[in-house]
>>> print(open('final27.csv').read())   # CSV, C-alpha atoms
chain,number,residue,atom,x,y,z
A,413,MET,CA,94.6,-12.8,186.5
A,414,ASN,CA,94.3,-11.9,190.2
A,415,ILE,CA,92.3,-8.7,190.3
A,416,ALA,CA,92.0,-6.8,193.5
A,417,PHE,CA,89.3,-4.2,193.9
A,418,LEU,CA,89.9,-1.6,196.5
A,419,ILE,CA,86.5,-0.6,197.9
A,420,ASN,CA,85.2,1.3,200.9
A,421,GLN,CA,83.6,-1.6,202.8
A,422,THR,CA,82.2,-4.9,201.8
A,423,HIS,CA,78.7,-4.4,203.2
A,424,LYS,CA,78.3,-1.2,201.2
A,425,GLU,CA,78.7,-3.0,197.8
A,426,GLU,CA,75.4,-3.3,195.9
A,427,ASN,CA,74.1,-5.4,193.0
A,428,GLY,CA,73.9,-2.5,190.5
A,429,PHE,CA,77.3,-1.0,191.3
A,430,THR,CA,79.7,-0.8,188.3
A,431,THR,CA,82.3,-2.4,190.6
A,432,THR,CA,80.1,-5.4,191.0
A,433,LEU,CA,79.5,-5.7,187.3
A,434,LEU,CA,83.2,-5.6,186.6
A,435,ALA,CA,84.0,-8.1,189.3
A,436,TYR,CA,81.3,-10.5,188.1
A,437,GLU,CA,82.5,-10.3,184.5
A,438,ALA,CA,86.1,-10.9,185.5
A,439,LEU,CA,85.0,-13.9,187.5
A,440,GLN,CA,83.0,-15.3,184.6
A,441,ARG,CA,86.1,-15.0,182.5
A,442,GLY,CA,88.1,-17.2,184.9
A,443,HIS,CA,89.9,-14.6,186.9
A,444,THR,CA,90.3,-14.5,190.7
A,445,ILE,CA,88.6,-11.6,192.5
A,446,ILE,CA,90.1,-10.1,195.7
A,447,TYR,CA,88.1,-7.5,197.6
A,448,VAL,CA,90.1,-5.2,199.8
A,449,GLY,CA,88.6,-2.5,202.1
A,450,LEU,CA,90.3,0.7,202.8
A,451,ALA,CA,90.9,-0.5,206.4
A,452,ASP,CA,92.3,-3.9,205.4
A,453,PHE,CA,96.0,-3.2,204.5
A,454,VAL,CA,99.0,-4.4,206.4
A,455,TYR,CA,102.4,-2.7,205.9
A,456,ILE,CA,105.2,-5.1,207.0
A,457,ASP,CA,108.6,-3.9,206.0
A,458,ASP,CA,110.6,-2.7,203.0
A,459,ARG,CA,107.5,-1.6,201.1
A,460,HIS,CA,105.9,-5.0,201.5
A,461,VAL,CA,102.1,-4.8,201.7
A,462,GLU,CA,99.5,-7.4,202.4
A,463,ALA,CA,95.8,-7.1,203.1
A,464,HIS,CA,93.1,-8.9,205.0
A,465,ALA,CA,91.1,-9.7,201.9
A,466,ARG,CA,88.1,-11.6,200.7
A,467,VAL,CA,89.1,-13.9,197.8
A,468,ILE,CA,86.7,-15.4,195.3
A,469,THR,CA,88.0,-17.8,192.8
A,470,ALA,CA,86.5,-18.7,189.4
A,471,ASP,CA,85.8,-22.3,190.5
A,472,ARG,CA,83.1,-21.2,192.9
A,473,ALA,CA,79.5,-21.8,191.6
A,474,ILE,CA,78.4,-18.2,191.2
A,475,GLY,CA,75.7,-17.7,188.6
A,476,ASN,CA,74.7,-14.1,189.0
A,477,LYS,CA,75.7,-10.9,190.7
A,478,GLU,CA,73.5,-11.5,193.7
A,479,GLU,CA,75.3,-14.8,194.4
A,480,LEU,CA,78.6,-12.9,194.0
A,481,LEU,CA,77.7,-10.4,196.7
A,482,GLY,CA,76.3,-13.2,198.9
A,483,SER,CA,79.6,-15.1,198.5
A,484,LEU,CA,81.6,-11.9,199.2
A,485,ARG,CA,79.8,-11.5,202.5
A,486,ARG,CA,80.2,-15.1,203.6
A,487,VAL,CA,83.9,-15.5,202.7
A,488,GLU,CA,86.3,-15.0,205.6
A,489,LYS,CA,89.1,-12.6,205.3
A,490,ARG,CA,92.6,-13.9,204.9
A,491,ARG,CA,96.0,-12.4,204.6
A,492,TYR,CA,96.9,-11.9,201.0
A,493,ASN,CA,100.2,-10.8,199.6
A,494,MET,CA,99.7,-7.8,197.3
A,495,ALA,CA,102.8,-9.0,195.3
A,496,ASP,CA,100.6,-11.8,194.1
A,497,ILE,CA,98.0,-9.6,192.4
A,498,ASP,CA,98.1,-8.6,188.8
A,499,VAL,CA,95.9,-5.5,189.1
A,500,LEU,CA,94.8,-3.3,192.0
A,501,TRP,CA,91.7,-1.4,190.8
A,502,LEU,CA,90.8,1.6,192.9
A,503,ARG,CA,87.0,1.6,193.1
A,504,PHE,CA,86.3,3.5,196.3
A,505,ASP,CA,84.4,6.7,196.9
A,506,PRO,CA,86.4,9.1,199.2
A,507,VAL,CA,83.2,11.0,200.1
A,508,MET,CA,81.6,7.9,201.6
A,509,ASP,CA,84.1,8.0,204.4
A,510,MET,CA,84.5,11.8,204.9
A,511,TYR,CA,82.7,11.8,208.2
A,512,ASN,CA,83.1,8.5,210.0
A,513,ARG,CA,86.5,7.5,208.7
A,514,PRO,CA,88.2,10.7,207.4
A,515,TRP,CA,91.6,8.9,207.3
A,516,ALA,CA,90.4,6.1,205.1
A,517,ALA,CA,90.7,7.5,201.5
A,518,ALA,CA,94.1,9.1,202.1
A,519,MET,CA,95.5,5.9,203.6
A,520,GLY,CA,94.0,3.9,200.7
A,521,LEU,CA,95.9,6.0,198.2
A,522,GLN,CA,99.1,5.7,200.1
A,523,PHE,CA,98.9,1.9,200.2
A,524,ALA,CA,98.0,2.0,196.5
A,525,GLN,CA,101.1,4.0,195.8
A,526,LEU,CA,103.2,1.4,197.7
A,527,ILE,CA,101.7,-1.4,195.7
A,528,LYS,CA,102.5,0.5,192.5
A,529,TYR,CA,106.1,0.8,193.7
A,530,MET,CA,106.0,-3.0,194.3
A,531,GLY,CA,105.7,-3.3,190.5
A,532,ARG,CA,102.0,-4.1,190.4
A,533,LEU,CA,99.5,-2.4,187.9
A,534,VAL,CA,97.3,0.0,189.8
A,535,ILE,CA,94.4,1.7,188.1
A,536,ASN,CA,93.6,4.5,188.1
A,537,ASP,CA,97.2,5.7,188.8
A,538,PRO,CA,97.4,6.6,192.5
A,539,ASP,CA,100.2,9.2,192.1
A,540,ASN,CA,97.9,11.3,189.9
A,541,LEU,CA,94.8,10.5,191.8
A,542,VAL,CA,96.4,12.4,194.7
A,543,GLN,CA,96.1,15.5,192.4
A,544,ALA,CA,92.7,14.5,191.2
A,545,SER,CA,91.1,13.9,194.6
A,546,ASN,CA,88.4,16.5,194.2
A,547,LYS,CA,86.5,18.6,191.7
A,548,LEU,CA,89.5,21.0,191.3
A,549,TYR,CA,91.0,18.4,189.0
A,550,LEU,CA,88.9,19.8,186.2
A,551,GLU,CA,90.8,23.1,186.4
A,552,ASN,CA,93.8,21.4,184.9
A,553,PHE,CA,92.0,21.1,181.5
A,554,PRO,CA,91.5,23.7,178.8
A,555,LYS,CA,89.4,26.7,179.8
A,556,ALA,CA,87.1,26.2,176.8
A,557,VAL,CA,85.8,22.9,178.1
A,558,ARG,CA,84.9,23.9,181.7
A,559,PRO,CA,82.3,26.3,183.2
A,560,LYS,CA,83.4,29.5,184.9
A,561,THR,CA,84.4,28.6,188.4
A,562,LEU,CA,85.3,30.1,191.7
A,563,VAL,CA,86.6,28.2,194.8
A,564,THR,CA,86.4,29.8,198.2
A,565,ARG,CA,84.9,29.7,201.7
A,566,PHE,CA,83.9,33.3,201.8
A,567,VAL,CA,80.4,34.5,201.1
A,568,SER,CA,81.7,37.9,199.9
A,569,ASP,CA,83.7,36.2,197.1
A,570,ILE,CA,80.6,34.2,196.0
A,571,GLN,CA,78.5,37.3,196.0
A,572,ALA,CA,81.0,39.1,193.8
A,573,PHE,CA,81.1,36.1,191.5
A,574,MET,CA,77.3,36.0,191.3
A,575,GLU,CA,77.2,39.6,190.1
A,576,THR,CA,79.4,38.6,187.1
A,577,GLN,CA,77.1,35.7,186.2
A,578,GLY,CA,73.7,37.5,186.2
A,579,ASP,CA,70.8,35.1,186.6
A,580,LYS,CA,71.9,32.0,188.5
A,581,ILE,CA,74.9,30.1,189.9
A,582,ILE,CA,75.5,26.6,191.2
A,583,LEU,CA,77.1,25.9,194.5
A,584,LYS,CA,78.6,22.6,195.6
A,585,PRO,CA,81.4,21.1,197.7
A,586,VAL,CA,84.8,20.7,196.3
A,587,LYS,CA,84.9,17.2,197.7
A,588,GLY,CA,81.5,15.6,197.0
A,589,SER,CA,79.6,13.0,195.1
A,590,GLY,CA,76.1,11.7,194.5
A,591,GLY,CA,74.6,15.2,194.2
A,592,LYS,CA,74.9,15.9,197.9
A,593,ASN,CA,74.8,19.6,198.9
A,594,VAL,CA,74.4,20.9,195.4
A,595,PHE,CA,72.3,24.1,195.2
A,596,MET,CA,71.2,26.6,192.6
A,597,ILE,CA,71.1,30.2,193.8
A,598,SER,CA,69.1,32.8,191.9
A,599,ALA,CA,70.1,36.4,191.7
A,600,GLY,CA,66.5,37.4,192.4
A,601,ALA,CA,66.5,35.5,195.7
A,602,PRO,CA,70.0,35.8,197.2
A,603,GLN,CA,68.7,35.8,200.8
A,604,ASN,CA,69.7,32.1,201.3
A,605,LEU,CA,73.2,32.5,199.9
A,606,LYS,CA,74.9,33.0,203.3
A,607,GLN,CA,73.2,29.9,204.9
A,608,THR,CA,73.9,27.8,201.8
A,609,VAL,CA,77.6,28.6,201.7
A,610,GLU,CA,77.9,27.9,205.5
A,611,VAL,CA,76.3,24.5,205.0
A,612,ILE,CA,78.6,23.5,202.3
A,613,ALA,CA,81.7,25.1,203.9
A,614,ARG,CA,81.3,22.8,207.0
A,615,ASP,CA,83.0,20.1,204.9
A,616,GLY,CA,85.6,22.3,203.3
A,617,TYR,CA,85.8,24.6,200.2
A,618,VAL,CA,82.9,25.6,198.1
A,619,ILE,CA,82.7,25.7,194.3
A,620,ALA,CA,80.6,28.3,192.6
A,621,GLN,CA,80.0,27.6,189.0
A,622,GLU,CA,78.2,29.4,186.2
A,623,TYR,CA,74.7,28.1,185.5
A,624,LEU,CA,74.3,26.4,182.2
A,625,PRO,CA,70.7,26.6,180.7
A,626,GLU,CA,71.2,23.3,179.0
A,627,ALA,CA,71.2,21.7,182.5
A,628,THR,CA,67.4,21.7,182.4
A,629,LYS,CA,67.8,18.7,180.0
A,630,GLY,CA,70.0,16.8,182.4
A,631,ASP,CA,73.6,15.8,181.9
A,632,LEU,CA,75.5,13.2,179.9
A,633,ARG,CA,77.7,10.6,181.7
A,634,PHE,CA,80.3,9.7,179.1
A,635,PHE,CA,82.9,7.0,179.8
A,636,LEU,CA,86.5,7.0,178.6
A,637,LEU,CA,88.9,4.0,178.6
A,638,GLU,CA,92.5,5.1,178.7
A,639,GLY,CA,91.4,8.5,177.4
A,640,GLU,CA,89.3,7.2,174.5
A,641,PRO,CA,85.5,6.9,174.1
A,642,ILE,CA,84.2,3.4,174.5
A,643,VAL,CA,82.3,2.7,171.3
A,644,ILE,CA,81.1,-0.7,170.1
A,645,ASP,CA,79.0,-1.2,166.9
A,646,GLY,CA,78.4,2.5,166.8
A,647,GLU,CA,77.1,2.7,170.4
A,648,TYR,CA,78.9,4.8,173.0
A,649,ALA,CA,79.3,3.9,176.7
A,650,ALA,CA,77.2,6.9,177.8
A,651,VAL,CA,73.9,7.7,179.6
A,652,GLN,CA,71.7,10.8,179.5
A,653,ARG,CA,70.6,11.5,183.0
A,654,VAL,CA,67.4,13.5,183.2
A,655,GLN,CA,66.5,15.0,186.6
A,656,LYS,CA,63.0,14.7,188.0
A,657,GLU,CA,60.7,17.7,188.0
A,658,GLY,CA,61.7,20.5,190.3
A,659,GLU,CA,65.2,19.0,190.8
A,660,ILE,CA,68.4,20.5,189.6
A,661,ARG,CA,70.6,17.4,190.2
A,662,SER,CA,71.0,14.8,187.6
A,663,ASN,CA,72.3,12.0,189.8
A,664,ILE,CA,70.6,8.7,189.7
A,665,HIS,CA,70.7,8.5,193.5
A,666,GLN,CA,68.7,11.7,193.5
A,667,GLY,CA,65.9,10.3,191.5
A,668,ALA,CA,67.1,11.1,187.9
A,669,THR,CA,66.1,8.9,185.1
A,670,ALA,CA,68.6,7.3,182.7
A,671,VAL,CA,67.8,7.4,179.0
A,672,LYS,CA,69.8,6.5,175.9
A,673,ALA,CA,72.4,9.1,175.2
A,674,GLN,CA,72.6,11.0,171.9
A,675,VAL,CA,76.3,11.4,171.2
A,676,ASP,CA,77.0,14.0,168.5
A,677,ASN,CA,80.2,15.5,167.0
A,678,ASN,CA,80.0,18.4,169.5
A,679,VAL,CA,80.4,15.9,172.4
A,680,LEU,CA,83.2,14.1,170.6
A,681,ARG,CA,85.1,17.3,170.0
A,682,LEU,CA,84.7,18.2,173.6
A,683,VAL,CA,86.0,14.8,174.7
A,684,GLU,CA,88.9,15.1,172.3
A,685,GLN,CA,90.2,18.2,174.2
A,686,VAL,CA,90.6,16.3,177.4
A,687,SER,CA,91.4,12.8,176.3
A,688,GLY,CA,95.2,13.3,176.0
A,689,LYS,CA,95.7,14.5,179.5
A,690,ILE,CA,93.4,11.9,181.0
A,691,LYS,CA,95.5,9.1,179.4
A,692,GLU,CA,98.8,10.8,180.3
A,693,ASP,CA,97.6,11.0,183.9
A,694,GLY,CA,97.0,7.2,184.0
A,695,MET,CA,93.3,7.5,184.4
A,696,TYR,CA,92.2,4.1,183.1
A,697,LEU,CA,88.4,4.3,183.5
A,698,VAL,CA,86.8,7.8,183.8
A,699,GLY,CA,83.3,9.2,183.7
A,700,LEU,CA,82.8,12.7,182.3
A,701,ASP,CA,79.7,14.6,183.3
A,702,ILE,CA,78.8,16.9,180.3
A,703,VAL,CA,76.2,19.7,180.1
A,704,GLY,CA,75.9,21.4,176.7
A,705,ASP,CA,79.4,22.2,175.6
A,706,LYS,CA,81.0,22.1,179.0
A,707,ILE,CA,82.4,19.3,181.2
A,708,MET,CA,81.0,19.8,184.7
A,709,GLU,CA,83.0,17.0,186.4
A,710,ILE,CA,85.6,14.4,185.7
A,711,ASN,CA,84.9,11.3,187.8
A,712,VAL,CA,88.2,9.4,188.4
A,713,TYR,CA,87.5,7.2,191.4
A,714,SER,CA,84.4,5.0,190.9
A,715,PRO,CA,82.3,6.3,188.1
A,716,GLY,CA,78.9,4.5,187.9
A,717,ALA,CA,76.1,4.0,185.4
A,718,LEU,CA,78.1,1.7,183.1
A,719,GLY,CA,75.5,-1.0,183.6
A,720,LEU,CA,72.7,1.5,182.6
A,721,ALA,CA,74.7,2.3,179.4
A,722,SER,CA,74.7,-1.4,178.5
A,723,GLN,CA,71.0,-1.8,179.3
A,724,LEU,CA,70.0,1.1,177.1
A,725,THR,CA,72.2,0.2,174.1
A,726,GLY,CA,72.2,-3.6,174.4
A,727,VAL,CA,76.0,-3.5,174.2
A,728,ASP,CA,78.3,-5.4,176.7
A,729,PHE,CA,80.6,-2.5,177.7
A,730,VAL,CA,81.6,-4.3,180.9
A,731,GLY,CA,82.9,-7.3,179.0
A,732,HIS,CA,84.8,-5.0,176.6
A,733,ILE,CA,86.5,-3.3,179.5
A,734,ILE,CA,87.6,-6.6,181.1
A,735,GLN,CA,88.9,-7.9,177.7
A,736,HIS,CA,90.8,-4.6,177.3
A,737,LEU,CA,92.3,-5.0,180.8
A,738,GLU,CA,93.4,-8.5,180.0
A,739,MET,CA,95.4,-7.2,177.1
A,740,LYS,CA,96.8,-4.3,179.1
A,741,VAL,CA,98.0,-6.7,181.8
A,742,LYS,CA,99.7,-8.9,179.3
A,743,GLY,CA,101.6,-5.9,177.9
A,744,PHE,CA,102.4,-4.5,181.4
A,745,TYR,CA,104.2,-7.6,182.6
A,746,ARG,CA,105.7,-8.7,179.3
>>> encode(input="final27.csv", output="structure tokens")
Amino acid sequence: MNIAFLINQTHKEENGFTTTLLAYEALQRGHTIIYVGLADFVYIDDRHVEAHARVITADRAIGNKEELLGSLRRVEKRRYNMADIDVLWLRFDPVMDMYNRPWAAAMGLQFAQLIKYMGRLVINDPDNLVQASNKLYLENFPKAVRPKTLVTRFVSDIQAFMETQGDKIILKPVKGSGGKNVFMISAGAPQNLKQTVEVIARDGYVIAQEYLPEATKGDLRFFLLEGEPIVIDGEYAAVQRVQKEGEIRSNIHQGATAVKAQVDNNVLRLVEQVSGKIKEDGMYLVGLDIVGDKIMEINVYSPGALGLASQLTGVDFVGHIIQHLEMKVKGFYR
């Protein structure tokens, strides 16, 4: 297969990124890897799209992920016809370009839609990603699976919401990732509420969510493949992320520790309530962030920590996903 990965920028790719693991596995299985940045597309005419891409073929002597990234940064870009790819895999993080290139993510989605209309397989589905471009996507799922939530830019609205919640609430940006600008506000110390809302609102709308006491134990990153749990030999593609002392955020980038996940029937029942719509929306690979009996976020762009799940369980989830993609492509173009 010719698998194109749509990323933010080449120099921002890292060894431990899930995208790197997927690309390396695909390369080891004989596939050609095409890296495309959000700024690399060329629209010619009649919905014909090309890209200034970096192409790595399976005949290159690449023995590990470090060599893959080294080769990626040495290879010169060349014009590549997007009609010649089998898959365009959207693996960029819109938040990374919010400030310096605010146009990038929206344009990347538009080009992805054009490539889909060219008859290529695009994952996750770009038409539905437009609707899932921020944390409000979670509101499309059953009320029972999500925390109580308010979205606003007004401090007065959040104050009123806090009065209904009692002890604590969580504030975060509607469009965010990596735990940036996530705050816990206590009812006993509301003096910082106005300043906190103003900080978050600089970048758009603010989400206020009920505080879940189970959050002190961290959260569960749980992967779905076409809406179904990824389970091999009884092990689930999942990671428990435990925040460091004094920290409310469970993001690995914020110092959290990954430990082996304990997946019970309560988690599986929760997942079952959202799996149908996730599959219907064409979300091929998704990461759910679960706290207690609630889903806090549905990560549809570039969910990470898949490599950590493999390390903690000893199971090759990455290889399983690439094998699954091979079968999906065969069926798609049959």
>>> closest_residue(input="final27.csv", among="A:Leu439, A:Ile446, A:Glu479, A:Met508", to="Gln421 of chain A", atoms="only C-alpha atoms")
A:Met508
>>> residues_around(input="final27.csv", residues="Lys629 of chain A", least_positions_apart="2", cutoff="10 Å", atoms="only C-alpha atoms", output="PyMOL selection string")
chain A and resi 625-627+631-632+652-655+660+662+703-704
>>> closest_residue(input="final27.csv", among="A:Gly699, A:Pro538, A:Pro554, A:Gly639", to="Met519 of chain A", atoms="all atoms listed in the file")
A:Pro538
>>> residues_near_point(input="final27.csv", point="(79.3, -13.8, 200.5)", cutoff="12 Å", atoms="all atoms listed in the file", output="compact mmCIF listing (two decimals) with C-alpha atoms, in the coordinates of the input")
# COMPACT_ATOMS: atom_id res chain seq x y z
CA THR A 422 82.20 -4.90 201.80
CA HIS A 423 78.70 -4.40 203.20
CA GLU A 425 78.70 -3.00 197.80
CA TYR A 447 88.10 -7.50 197.60
CA ARG A 466 88.10 -11.60 200.70
CA VAL A 467 89.10 -13.90 197.80
CA ILE A 468 86.70 -15.40 195.30
CA ARG A 472 83.10 -21.20 192.90
CA ALA A 473 79.50 -21.80 191.60
CA ILE A 474 78.40 -18.20 191.20
CA LYS A 477 75.70 -10.90 190.70
CA GLU A 478 73.50 -11.50 193.70
CA GLU A 479 75.30 -14.80 194.40
CA LEU A 480 78.60 -12.90 194.00
CA LEU A 481 77.70 -10.40 196.70
CA GLY A 482 76.30 -13.20 198.90
CA SER A 483 79.60 -15.10 198.50
CA LEU A 484 81.60 -11.90 199.20
CA ARG A 485 79.80 -11.50 202.50
CA ARG A 486 80.20 -15.10 203.60
CA VAL A 487 83.90 -15.50 202.70
CA GLU A 488 86.30 -15.00 205.60
CA LYS A 489 89.10 -12.60 205.30
>>> residues_around(input="final27.csv", residues="Met574 of chain A", least_positions_apart="3", cutoff="10 Å", atoms="only C-alpha atoms", output="MDAnalysis selection string")
chainID A and resid 562 568:571 577:582 597:599 602 620:622
>>> closest_residue(input="final27.csv", among="A:Gly442, A:Gly716, A:Gly449, A:Gly630", to="Phe429 of chain A", atoms="all atoms listed in the file")
A:Gly716
>>> closest_residue(input="final27.csv", among="A:Ile535, A:Leu724, A:Ile690, A:Ile702", to="Phe504 of chain A", atoms="all atoms listed in the file")
A:Ile535
>>> closest_residue(input="final27.csv", among="A:Gln735, A:Asn536, A:Asn476, A:Thr608", to="Leu418 of chain A", atoms="all atoms listed in the file")
A:Asn536
>>> atom_distance(input="final27.csv", atom1="atom CA of Pro715 of chain A", atom2="atom CA of Ala463 of chain A")
24.2 Å
>>> closest_residue(input="final27.csv", among="A:Asn677, A:Asn512, A:Asn711, A:Thr469", to="Thr444 of chain A", atoms="only C-alpha atoms")
A:Thr469
>>> atom_distance(input="final27.csv", atom1="atom CA of Ala435 of chain A", atom2="atom CA of Ile419 of chain A")
11.7 Å
>>> atom_distance(input="final27.csv", atom1="atom CA of Lys584 of chain A", atom2="atom CA of Ile612 of chain A")
6.8 Å
